[in-house]
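In what follows, a structure is listed as structure tokens, so that the remarks can point back to it.
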Amino acid sequence: MEKMRKKRVFMLLFIAGLLTLPYASAHFDPPDSPAIMVTVWLLGVATTEDMDDGVNGYTDITGTYKVSQTNHESSAGDLGLILYDWDTLKGRIGYIKKRPLYSHRECTPMNDVTVSFNLEESNSMFANGKIGSGSIKVTKPGRYTVNAGKGKVLIEVTVTKTPIASEECSYFEDQPEGYASSIVTSSGGYVYDWQLANMINMWIANRTGYANMVFIFNQCFGGGMIDDLKEKLKGTGDAAFMSASKHNKPSWGIGDDYNPSRWPEMVKKGFIRPEDYYPKEVGEELAKTGKEAPTMKEVAKRAEQEDLLGPYGSDFRERPQYTSIGNGDGIMIGKKADGSAVKSKHAILFAGDANQKRHWNNMDRMYKALKKQGFSDGDIIALAGNGKTMSNGTNAPSYIDGPGTKKALYEAIVNISKKMNKDEQLIFWVSDHGNRERIERAVLLDLIDPVTEPVPPKKTARRPGQVTWDLDEDFLKAMELDPDNQPYVSVLVEATPEIMEFGEYVLKNIELYINKNELNISLIEPITAYDTDPDLDAFELVFPVDEELLGEENLIEVGWGGNPEEFIKYRIIGLIISTGGINELEAEFEELKEPEEEKTLFELLEEYVPTYNENVDNLPDIVKRIAGNERIDLEITLENGSRLNIGVVTEGGRIVEFSKGRPLEPTLKVWTNEGVVRNIINSETPGDTGLYYLKRGEIKYSGVGFGRSIRILTVKIVIRIYRFVEVIGDIVG
């Protein structure tokens, strides 16, 4: 069928003779990126019965349309006059010149679009006849048929990215209440978003002050680290926050088995070794100096645009995030937002469980970018892995100051705070694995006897009185992303005087059950940043859990595993369900190739040549006589106003030459336009569509020389007689 369709396309182009888009201005609607253009196109119409009034041989379709989009403006107008040839199409969709009915710029995802039509059959002497009305609600791009009584309308809804306008869309989407994110460390403890925010607020914002701060999170779910920092630091100064991923999305990187020699297209993009996509782009931007040095908003914007797996890359998987407080958008390395220089610069680079080459390469790129900006080794605290060896067993770089542990990170924050003041800049950078958590702080469950009790959820419960903990679909999917992650459930036990007195004896006797299954404790972690006071607030008891035990609703209970007579009262002040450390995901390189450029009109036609030649013997004899041995000058007027000339040479009916430009000494000339050619090529019935355009005179042709002109004139007369007979038949029924 495909070969026959292509054959008909060529037959019509050679025998019969064979996007600039206006758009409406519109507002933008955060919170998600990138900016997109939603367009509704009119492609074709049809009637389900012959409604030709006999005047001109066509059904004269008129009518109105209306396009409305949820939360946006609407567009309405007249369809104009559309001629439908029932004798040729007989109820099938007749393609017309593609034109836009509505367009709107917005931020992803696309809002629902409702398209309505009211169709009539235009009569010059009598009142218009009603064809019918109909509408359709569209939720995603694609082609759709709108049924309208005795008529049908073919539309297409397209979504295209508009990076030049994406600054109108907010980069940042806040993490919903009841969820948290955390940084994985090499010591097994996790740095939660609220802990980090409290540490920065406690040791820097409220004590020493700062000129500005920049936070860059490259790990999975890194966007979830931002909301707590932004809330705690709001009103304290200028700060910018960026991340490779949204609070509930993973980040992406290149695996250890990457071989640059096999992927030259990746090398052209700057990937000469395993790295993560987003930090590579951020590092390149931060390394720019002088007049090319960008602001933090420009860094985030350019990194988002250049990220191969970002919204404008070859495969949209990564959702970079950006936001700021104060004048954070204008921050530059070494400068305040007003352009004046900071007194000095400081940086913390952290890659906790750095078990892949890319984690070390990410840090190396960032370290070199800071050095290029004038940072000394004394200005940078770099913590990674065990602090001594890299993931391949070789020695860690000399600039690594210590292990990627929770204790080392907290100590780094405290040490840098001693150097900070209102003239100092801090760059805080994180790579490596990330967690997503279902969390409730301040549960306040007092255990006053050894009997097992459920830990009830609070605001996030679906129903009044519910005692099960909810996990959304995104959370359950996130747990399955990495086969090496270890989900866990943990409780925060308040560090009361009794707990402090009896210590580990009490904590080890606390039991935790998930859906009636008892879990084994693996870690007891002191919590010193539950609030903004620098003291011991609680202990976190971590219980690894099998993924299969967690579902959408989960019953969590705590109890006492020791001697009931030795029970000591304790208080639960928080509970956490975590995905465990999710490593950056690795994409197949085949999926990262540059998107193919749209084929030109010449290339599309050139593809049909072999199929045409294969089927030339099946063409009617009259076709072979007219186009059997010709030098055809095909001229196509393009959408941009220019002209495409194609030279086609045939021998014995077969195409022996197909090239751009005019042929020498042409014997046949053909004129048409790009819209006609594309509509014929894209039509499900190209033969019928081409004949439709031929009879309407939108494909013109002429012989060159007296003899060939007479022969072509004869063909034209035959076609006109054929059309005259059609019209007479319509009149007399």
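The way I read the labels, and the way they are meant: chains A, B, ... in the order of the structure tokens, residue 1 as the first residue of every chain, and ligand 1 as the first ligand shown, with later ones counted on from there.
Every protein, DNA or RNA residue with an atom at most 9 Å from Ser122 of chain A, where only C-alpha atoms count and chain neighbours fewer than 6 positions away do not, is listed here: Asp53, Thr59, Asp60, Ile61, Thr62, Gly63, Leu81, Asn128, Gly129 and Lys130 of chain A.
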Any idea what's packed within 8 Å of Ser683 of chain A, counting only C-alpha atoms, ignoring anything in its chain fewer than 4 positions away? Could you give it as a PyMOL selection string? chain A and resi 95+679+689
One number please: atom CA of Ser391 of chain A to atom CA of Glu480 of chain A, in Å, one decimal. 23.8 Å
Counting only C-alpha atoms, which residues in segment 143-182 of chain A sit no more than 8 Å from segment 209-231 of chain A? For each one, give the nearest pair of atoms and the distance in Å, sorted by chain then residue number, as a tab-separated table.
residue	atom	partner	partner_atom	distance
A:Phe172	CA	A:Gly223	CA	7.7
A:Glu173	CA	A:Gly223	CA	7.9
A:Asp174	CA	A:Asp227	CA	6.0
A:Gln175	CA	A:Gly224	CA	5.7
A:Ala180	CA	A:Gly224	CA	6.3
A:Ser181	CA	A:Gly224	CA	5.1
A:Ser182	CA	A:Met225	CA	6.8
Find the residues of segment 246-297 of chain A that sit at most 12 Å from segment 344-362 of chain A; for each, write down the nearest two atoms and how far apart they are in Å, to one decimal. Count only C-alpha atoms. Sort by chain, then by number going up, and give it as JSON lines.
{"residue": "A:Trp252", "atom": "CA", "partner": "A:Arg358", "partner_atom": "CA", "distance": 10.5}
{"residue": "A:Gly253", "atom": "CA", "partner": "A:Arg358", "partner_atom": "CA", "distance": 7.3}
{"residue": "A:Ile254", "atom": "CA", "partner": "A:Arg358", "partner_atom": "CA", "distance": 6.9}
{"residue": "A:Gly255", "atom": "CA", "partner": "A:Arg358", "partner_atom": "CA", "distance": 7.2}
{"residue": "A:Asp256", "atom": "CA", "partner": "A:Lys357", "partner_atom": "CA", "distance": 5.9}
{"residue": "A:Asp257", "atom": "CA", "partner": "A:Lys357", "partner_atom": "CA", "distance": 9.5}
{"residue": "A:Tyr258", "atom": "CA", "partner": "A:Lys357", "partner_atom": "CA", "distance": 10.1}
{"residue": "A:Phe271", "atom": "CA", "partner": "A:Asn361", "partner_atom": "CA", "distance": 10.8}
{"residue": "A:Ile272", "atom": "CA", "partner": "A:Asn361", "partner_atom": "CA", "distance": 10.4}
{"residue": "A:Arg273", "atom": "CA", "partner": "A:Asn361", "partner_atom": "CA", "distance": 7.7}
{"residue": "A:Pro274", "atom": "CA", "partner": "A:Arg358", "partner_atom": "CA", "distance": 4.8}
{"residue": "A:Glu275", "atom": "CA", "partner": "A:Arg358", "partner_atom": "CA", "distance": 4.2}
{"residue": "A:Asp276", "atom": "CA", "partner": "A:Arg358", "partner_atom": "CA", "distance": 6.3}
{"residue": "A:Tyr277", "atom": "CA", "partner": "A:Asn362", "partner_atom": "CA", "distance": 9.4}
{"residue": "A:Tyr278", "atom": "CA", "partner": "A:Asn362", "partner_atom": "CA", "distance": 9.6}
{"residue": "A:Pro279", "atom": "CA", "partner": "A:Asn362", "partner_atom": "CA", "distance": 6.4}
{"residue": "A:Lys280", "atom": "CA", "partner": "A:Asn362", "partner_atom": "CA", "distance": 6.8}
{"residue": "A:Glu281", "atom": "CA", "partner": "A:Asn362", "partner_atom": "CA", "distance": 10.3}
{"residue": "A:Val282", "atom": "CA", "partner": "A:Asn362", "partner_atom": "CA", "distance": 10.1}
{"residue": "A:Gly283", "atom": "CA", "partner": "A:Asn362", "partner_atom": "CA", "distance": 8.3}
{"residue": "A:Glu284", "atom": "CA", "partner": "A:Asn362", "partner_atom": "CA", "distance": 11.1}
Mind checking DSSP for segment 443-557 of chain A and telling me the helix (DSSP H, G or I) residues as a ChimeraX atom specification? /A:473-479,497-502,504-508,547-549
Selection above as a file: N, CA, C and O atoms, as a CSV table (one decimal), in the first residue's frame:
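Saved to out.csv:
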chain,number,residue,atom,x,y,z
A,473,GLU,N,2.2,7.6,44.0
A,473,GLU,CA,2.7,6.7,42.9
A,473,GLU,C,4.1,7.1,42.5
A,473,GLU,O,4.9,6.2,42.2
A,474,ASP,N,4.4,8.4,42.5
A,474,ASP,CA,5.8,8.8,42.2
A,474,ASP,C,6.8,8.3,43.1
A,474,ASP,O,7.9,7.9,42.8
A,475,PHE,N,6.4,8.2,44.4
A,475,PHE,CA,7.3,7.7,45.4
A,475,PHE,C,7.6,6.2,45.2
A,475,PHE,O,8.8,5.8,45.2
A,476,LEU,N,6.6,5.5,45.0
A,476,LEU,CA,6.7,4.0,44.8
A,476,LEU,C,7.5,3.7,43.5
A,476,LEU,O,8.4,2.8,43.5
A,477,LYS,N,7.4,4.6,42.4
A,477,LYS,CA,8.1,4.4,41.2
A,477,LYS,C,9.6,4.8,41.5
A,477,LYS,O,10.5,4.1,40.9
A,478,ALA,N,9.8,5.8,42.3
A,478,ALA,CA,11.2,6.2,42.6
A,478,ALA,C,12.0,5.1,43.3
A,478,ALA,O,13.2,4.9,43.0
A,479,MET,N,11.3,4.3,44.1
A,479,MET,CA,12.0,3.3,44.8
A,479,MET,C,12.6,2.2,43.9
A,479,MET,O,13.5,1.5,44.1
A,497,PRO,N,15.8,14.0,79.0
A,497,PRO,CA,16.8,13.6,80.0
A,497,PRO,C,16.9,12.1,80.3
A,497,PRO,O,18.0,11.6,80.4
A,498,GLU,N,15.7,11.4,80.2
A,498,GLU,CA,15.7,10.0,80.5
A,498,GLU,C,16.5,9.2,79.4
A,498,GLU,O,17.2,8.3,79.6
A,499,ILE,N,16.2,9.6,78.1
A,499,ILE,CA,16.8,9.0,77.0
A,499,ILE,C,18.3,9.3,77.0
A,499,ILE,O,19.2,8.4,76.8
A,500,MET,N,18.7,10.5,77.4
A,500,MET,CA,20.1,10.8,77.5
A,500,MET,C,20.8,10.0,78.6
A,500,MET,O,22.0,9.6,78.4
A,501,GLU,N,20.1,9.8,79.7
A,501,GLU,CA,20.7,9.0,80.8
A,501,GLU,C,20.9,7.6,80.4
A,501,GLU,O,22.0,7.0,80.7
A,502,PHE,N,19.9,6.9,79.8
A,502,PHE,CA,20.0,5.5,79.5
A,502,PHE,C,20.6,5.2,78.1
A,502,PHE,O,21.0,4.1,77.9
A,504,GLU,N,21.9,4.3,74.7
A,504,GLU,CA,21.7,3.2,73.7
A,504,GLU,C,20.9,2.1,74.2
A,504,GLU,O,20.2,1.4,73.4
A,505,TYR,N,20.8,1.8,75.5
A,505,TYR,CA,20.0,0.7,76.0
A,505,TYR,C,18.6,0.9,75.6
A,505,TYR,O,17.9,0.0,75.2
A,506,VAL,N,18.1,2.2,75.8
A,506,VAL,CA,16.7,2.4,75.4
A,506,VAL,C,16.5,2.4,73.9
A,506,VAL,O,15.5,1.7,73.4
A,507,LEU,N,17.4,3.0,73.2
A,507,LEU,CA,17.2,3.1,71.7
A,507,LEU,C,17.2,1.8,71.0
A,507,LEU,O,16.4,1.5,70.1
A,508,LYS,N,18.1,0.9,71.5
A,508,LYS,CA,18.1,-0.5,70.9
A,508,LYS,C,16.9,-1.3,71.2
A,508,LYS,O,16.7,-2.3,70.5
A,547,GLU,N,11.4,-3.3,49.7
A,547,GLU,CA,10.5,-2.5,48.9
A,547,GLU,C,9.2,-3.2,48.8
A,547,GLU,O,8.1,-2.5,48.7
A,548,GLU,N,9.1,-4.5,48.7
A,548,GLU,CA,7.9,-5.2,48.5
A,548,GLU,C,6.9,-5.0,49.7
A,548,GLU,O,5.7,-5.3,49.6
A,549,LEU,N,7.4,-4.6,50.9
A,549,LEU,CA,6.6,-4.4,52.1
A,549,LEU,C,5.8,-3.1,52.0
A,549,LEU,O,4.9,-2.9,52.8
Extract, using only C-alpha atoms, all DNA, RNA and protein residues at most 10 Å from Pro294 of chain A, discarding same-chain residues fewer than 6 positions from it, and format them as a ChimeraX atom specification. /A:285-288,300,302,330-333
Tyr102 of chain A: which residues within 12 Å, counting only C-alpha atoms, same-chain residues fewer than 5 positions away excluded, as an NGL selection string? :A and (21-26 or 37-42 or 65-69 or 72-77 or 113-116 or 155-158)
Would you please work out which residue, of A:Thr295, A:Thr208, A:Thr323, A:Asn613, is nearest to Met242 of chain A when using only C-alpha atoms? A:Thr323
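Those residues that approach Ile93 of chain A to within 7 Å, counting only C-alpha atoms, are A:Gly44, A:Val45, A:Ala46; same-chain residues fewer than 6 positions away are not listed.
Distances from A:Pro100, A:Pro483, A:Gly652, A:Gly703 to Glu584 of chain A were compared using only C-alpha atoms, and the smallest one belongs to A:Pro483.
Atom CA of Asn682 of chain A lies 15.1 Å from atom CA of Tyr144 of chain A.
For the choices A:Thr88, A:Thr468, A:Ser659, A:Asn147, the atom-to-atom distance to Arg696 of chain A is smallest for A:Thr88 when using only C-alpha atoms.
Distances here use only C-alpha atoms; by that measure, the residue among A:Ala461, A:Leu694, A:Leu512, A:Ala529 closest to Asn201 of chain A is A:Ala529.
Relative to atom CA of Ala239 of chain A, atom CA of Asn327 of chain A is found at 7.2 Å.
Minimum atom-to-atom distance to Leu523 of chain A, evaluated using only C-alpha atoms, belongs to A:Ser187 out of A:Ser324, A:Asn198, A:Thr650, A:Ser187.
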Selection near Arg678 of chain A, 10 Å with only C-alpha atoms, sequence-local residues under 2 positions removed, as a PDB file with all heavy atoms, in the first residue's frame:
ATOM      1  N   LYS A  97      -5.194  23.517   2.571  1.00  0.00           N
ATOM      2  CA  LYS A  97      -3.963  24.177   2.997  1.00  0.00           C
ATOM      3  C   LYS A  97      -3.969  24.303   4.517  1.00  0.00           C
ATOM      4  O   LYS A  97      -4.871  24.893   5.110  1.00  0.00           O
ATOM      5  CB  LYS A  97      -3.836  25.555   2.354  1.00  0.00           C
ATOM      6  CG  LYS A  97      -2.535  26.269   2.686  1.00  0.00           C
ATOM      7  CD  LYS A  97      -2.455  27.587   1.938  1.00  0.00           C
ATOM      8  CE  LYS A  97      -1.200  28.365   2.302  1.00  0.00           C
ATOM      9  NZ  LYS A  97       0.032  27.657   1.947  1.00  0.00           N
ATOM     10  N   LYS A  98      -2.979  23.730   5.153  1.00  0.00           N
ATOM     11  CA  LYS A  98      -2.886  23.721   6.612  1.00  0.00           C
ATOM     12  C   LYS A  98      -2.823  25.147   7.142  1.00  0.00           C
ATOM     13  O   LYS A  98      -2.016  25.951   6.697  1.00  0.00           O
ATOM     14  CB  LYS A  98      -1.633  22.938   7.029  1.00  0.00           C
ATOM     15  CG  LYS A  98      -1.391  22.845   8.517  1.00  0.00           C
ATOM     16  CD  LYS A  98      -0.139  22.003   8.771  1.00  0.00           C
ATOM     17  CE  LYS A  98       0.164  21.871  10.249  1.00  0.00           C
ATOM     18  NZ  LYS A  98       1.372  21.047  10.496  1.00  0.00           N
ATOM     19  N   LEU A 601      11.638  19.601   1.421  1.00  0.00           N
ATOM     20  CA  LEU A 601      10.653  19.142   0.447  1.00  0.00           C
ATOM     21  C   LEU A 601      11.328  18.349  -0.668  1.00  0.00           C
ATOM     22  O   LEU A 601      10.795  17.335  -1.137  1.00  0.00           O
ATOM     23  CB  LEU A 601       9.905  20.349  -0.132  1.00  0.00           C
ATOM     24  CG  LEU A 601       8.690  20.029  -0.991  1.00  0.00           C
ATOM     25  CD1 LEU A 601       7.652  19.259  -0.186  1.00  0.00           C
ATOM     26  CD2 LEU A 601       8.091  21.304  -1.553  1.00  0.00           C
ATOM     27  N   LEU A 604      12.031  14.848   0.613  1.00  0.00           N
ATOM     28  CA  LEU A 604      10.815  14.036   0.687  1.00  0.00           C
ATOM     29  C   LEU A 604      10.427  13.490  -0.683  1.00  0.00           C
ATOM     30  O   LEU A 604      10.062  12.319  -0.821  1.00  0.00           O
ATOM     31  CB  LEU A 604       9.671  14.877   1.260  1.00  0.00           C
ATOM     32  CG  LEU A 604       9.749  15.221   2.751  1.00  0.00           C
ATOM     33  CD1 LEU A 604       8.658  16.206   3.125  1.00  0.00           C
ATOM     34  CD2 LEU A 604       9.633  13.964   3.603  1.00  0.00           C
ATOM     35  N   LEU A 605      10.518  14.352  -1.705  1.00  0.00           N
ATOM     36  CA  LEU A 605      10.176  13.895  -3.051  1.00  0.00           C
ATOM     37  C   LEU A 605      11.201  12.895  -3.578  1.00  0.00           C
ATOM     38  O   LEU A 605      10.849  11.922  -4.256  1.00  0.00           O
ATOM     39  CB  LEU A 605      10.081  15.098  -3.989  1.00  0.00           C
ATOM     40  CG  LEU A 605       8.872  16.016  -3.771  1.00  0.00           C
ATOM     41  CD1 LEU A 605       8.989  17.262  -4.630  1.00  0.00           C
ATOM     42  CD2 LEU A 605       7.578  15.285  -4.074  1.00  0.00           C
ATOM     43  N   ASN A 673       2.620  24.773  -5.578  1.00  0.00           N
ATOM     44  CA  ASN A 673       3.202  25.374  -4.375  1.00  0.00           C
ATOM     45  C   ASN A 673       3.464  24.317  -3.313  1.00  0.00           C
ATOM     46  O   ASN A 673       2.978  23.181  -3.406  1.00  0.00           O
ATOM     47  CB  ASN A 673       2.305  26.492  -3.820  1.00  0.00           C
ATOM     48  CG  ASN A 673       0.947  25.979  -3.385  1.00  0.00           C
ATOM     49  OD1 ASN A 673       0.819  25.224  -2.436  1.00  0.00           O
ATOM     50  ND2 ASN A 673      -0.099  26.409  -4.100  1.00  0.00           N
ATOM     51  N   GLU A 674       4.241  24.690  -2.314  1.00  0.00           N
ATOM     52  CA  GLU A 674       4.675  23.741  -1.283  1.00  0.00           C
ATOM     53  C   GLU A 674       3.495  23.143  -0.535  1.00  0.00           C
ATOM     54  O   GLU A 674       3.483  21.946  -0.227  1.00  0.00           O
ATOM     55  CB  GLU A 674       5.610  24.439  -0.288  1.00  0.00           C
ATOM     56  CG  GLU A 674       6.106  23.523   0.818  1.00  0.00           C
ATOM     57  CD  GLU A 674       7.087  24.198   1.753  1.00  0.00           C
ATOM     58  OE1 GLU A 674       7.429  25.385   1.521  1.00  0.00           O
ATOM     59  OE2 GLU A 674       7.526  23.534   2.716  1.00  0.00           O
ATOM     60  N   GLY A 675       2.474  23.969  -0.226  1.00  0.00           N
ATOM     61  CA  GLY A 675       1.324  23.443   0.503  1.00  0.00           C
ATOM     62  C   GLY A 675       0.636  22.327  -0.245  1.00  0.00           C
ATOM     63  O   GLY A 675       0.259  21.308   0.342  1.00  0.00           O
ATOM     64  N   VAL A 676       0.479  22.484  -1.544  1.00  0.00           N
ATOM     65  CA  VAL A 676      -0.165  21.446  -2.359  1.00  0.00           C
ATOM     66  C   VAL A 676       0.658  20.165  -2.326  1.00  0.00           C
ATOM     67  O   VAL A 676       0.129  19.063  -2.110  1.00  0.00           O
ATOM     68  CB  VAL A 676      -0.349  21.940  -3.809  1.00  0.00           C
ATOM     69  CG1 VAL A 676      -0.736  20.782  -4.725  1.00  0.00           C
ATOM     70  CG2 VAL A 676      -1.396  23.042  -3.862  1.00  0.00           C
ATOM     71  N   ILE A 680      -0.445  16.554  -0.620  1.00  0.00           N
ATOM     72  CA  ILE A 680      -0.521  15.320  -1.402  1.00  0.00           C
ATOM     73  C   ILE A 680       0.323  14.225  -0.754  1.00  0.00           C
ATOM     74  O   ILE A 680      -0.106  13.080  -0.597  1.00  0.00           O
ATOM     75  CB  ILE A 680      -0.063  15.568  -2.855  1.00  0.00           C
ATOM     76  CG1 ILE A 680      -1.052  16.499  -3.575  1.00  0.00           C
ATOM     77  CG2 ILE A 680       0.067  14.253  -3.612  1.00  0.00           C
ATOM     78  CD1 ILE A 680      -0.597  16.936  -4.947  1.00  0.00           C
ATOM     79  N   ILE A 681       1.551  14.590  -0.347  1.00  0.00           N
ATOM     80  CA  ILE A 681       2.454  13.607   0.257  1.00  0.00           C
ATOM     81  C   ILE A 681       1.871  13.062   1.559  1.00  0.00           C
ATOM     82  O   ILE A 681       1.939  11.864   1.840  1.00  0.00           O
ATOM     83  CB  ILE A 681       3.835  14.237   0.516  1.00  0.00           C
ATOM     84  CG1 ILE A 681       4.532  14.528  -0.818  1.00  0.00           C
ATOM     85  CG2 ILE A 681       4.705  13.326   1.379  1.00  0.00           C
ATOM     86  CD1 ILE A 681       5.834  15.287  -0.672  1.00  0.00           C
ATOM     87  N   ASN A 682       1.271  13.957   2.382  1.00  0.00           N
ATOM     88  CA  ASN A 682       0.774  13.549   3.695  1.00  0.00           C
ATOM     89  C   ASN A 682      -0.604  12.916   3.646  1.00  0.00           C
ATOM     90  O   ASN A 682      -1.062  12.358   4.641  1.00  0.00           O
ATOM     91  CB  ASN A 682       0.726  14.761   4.635  1.00  0.00           C
ATOM     92  CG  ASN A 682       2.103  15.305   4.945  1.00  0.00           C
ATOM     93  OD1 ASN A 682       3.073  14.549   4.998  1.00  0.00           O
ATOM     94  ND2 ASN A 682       2.203  16.611   5.161  1.00  0.00           N
ATOM     95  N   SER A 683      -1.272  13.004   2.504  1.00  0.00           N
ATOM     96  CA  SER A 683      -2.634  12.494   2.408  1.00  0.00           C
ATOM     97  C   SER A 683      -2.667  10.973   2.493  1.00  0.00           C
ATOM     98  O   SER A 683      -1.770  10.277   2.022  1.00  0.00           O
ATOM     99  CB  SER A 683      -3.267  12.948   1.091  1.00  0.00           C
ATOM    100  OG  SER A 683      -4.546  12.359   0.933  1.00  0.00           O
ATOM    101  N   PRO A 686      -3.343  10.015  -1.594  1.00  0.00           N
ATOM    102  CA  PRO A 686      -2.651  11.052  -2.368  1.00  0.00           C
ATOM    103  C   PRO A 686      -3.194  11.200  -3.790  1.00  0.00           C
ATOM    104  O   PRO A 686      -3.214  12.299  -4.339  1.00  0.00           O
ATOM    105  CB  PRO A 686      -1.198  10.581  -2.369  1.00  0.00           C
ATOM    106  CG  PRO A 686      -1.242   9.125  -2.062  1.00  0.00           C
ATOM    107  CD  PRO A 686      -2.423   8.943  -1.166  1.00  0.00           C
TER     108      PRO A 686
END
Where in segment 17-123 of chain A does DSSP assign strand (DSSP E or B), given as a count of residues only? 55
Fewer than 4 positions away in the same chain doesn't count, so skip those; otherwise give me all residues within 9 Å of Pro450 of chain A, counting only C-alpha atoms, as a list in words. Gly559, Trp560, Gly561, Gly562, Asn563, Pro564, Glu565, Phe567, Ile568 and Lys569 of chain A
Expected file contents, prior selection, N, CA, C and O atoms, as a compact mmCIF listing (two decimals), in the first residue's frame:
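Wrote it out as out.txt, contents follow:
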# COMPACT_ATOMS: atom_id res chain seq x y z
N GLY A 559 7.11 -0.07 69.32
CA GLY A 559 6.91 -0.79 70.57
C GLY A 559 8.21 -0.90 71.35
O GLY A 559 9.20 -0.21 71.07
N TRP A 560 8.20 -1.80 72.33
CA TRP A 560 9.34 -2.01 73.22
C TRP A 560 9.76 -3.47 73.14
O TRP A 560 8.95 -4.38 73.33
N GLY A 561 11.03 -3.70 72.79
CA GLY A 561 11.50 -5.07 72.61
C GLY A 561 12.23 -5.64 73.79
O GLY A 561 12.61 -6.82 73.80
N GLY A 562 12.43 -4.84 74.83
CA GLY A 562 13.16 -5.32 76.00
C GLY A 562 12.23 -5.87 77.06
O GLY A 562 11.04 -6.12 76.82
N ASN A 563 12.76 -6.03 78.24
CA ASN A 563 11.96 -6.50 79.37
C ASN A 563 10.90 -5.46 79.69
O ASN A 563 11.21 -4.29 79.91
N PRO A 564 9.61 -5.86 79.71
CA PRO A 564 8.54 -4.88 79.99
C PRO A 564 8.74 -4.15 81.31
O PRO A 564 8.36 -2.98 81.44
N GLU A 565 9.34 -4.84 82.30
CA GLU A 565 9.53 -4.21 83.60
C GLU A 565 10.63 -3.15 83.56
O GLU A 565 10.71 -2.32 84.46
N PHE A 567 10.92 -1.06 80.98
CA PHE A 567 10.50 -0.07 79.99
C PHE A 567 10.77 1.34 80.48
O PHE A 567 10.55 1.67 81.65
N ILE A 568 11.26 2.18 79.58
CA ILE A 568 11.51 3.59 79.88
C ILE A 568 10.71 4.43 78.89
O ILE A 568 10.73 4.18 77.68
N LYS A 569 9.98 5.40 79.37
CA LYS A 569 9.14 6.25 78.51
C LYS A 569 9.99 6.96 77.46
O LYS A 569 11.10 7.38 77.73
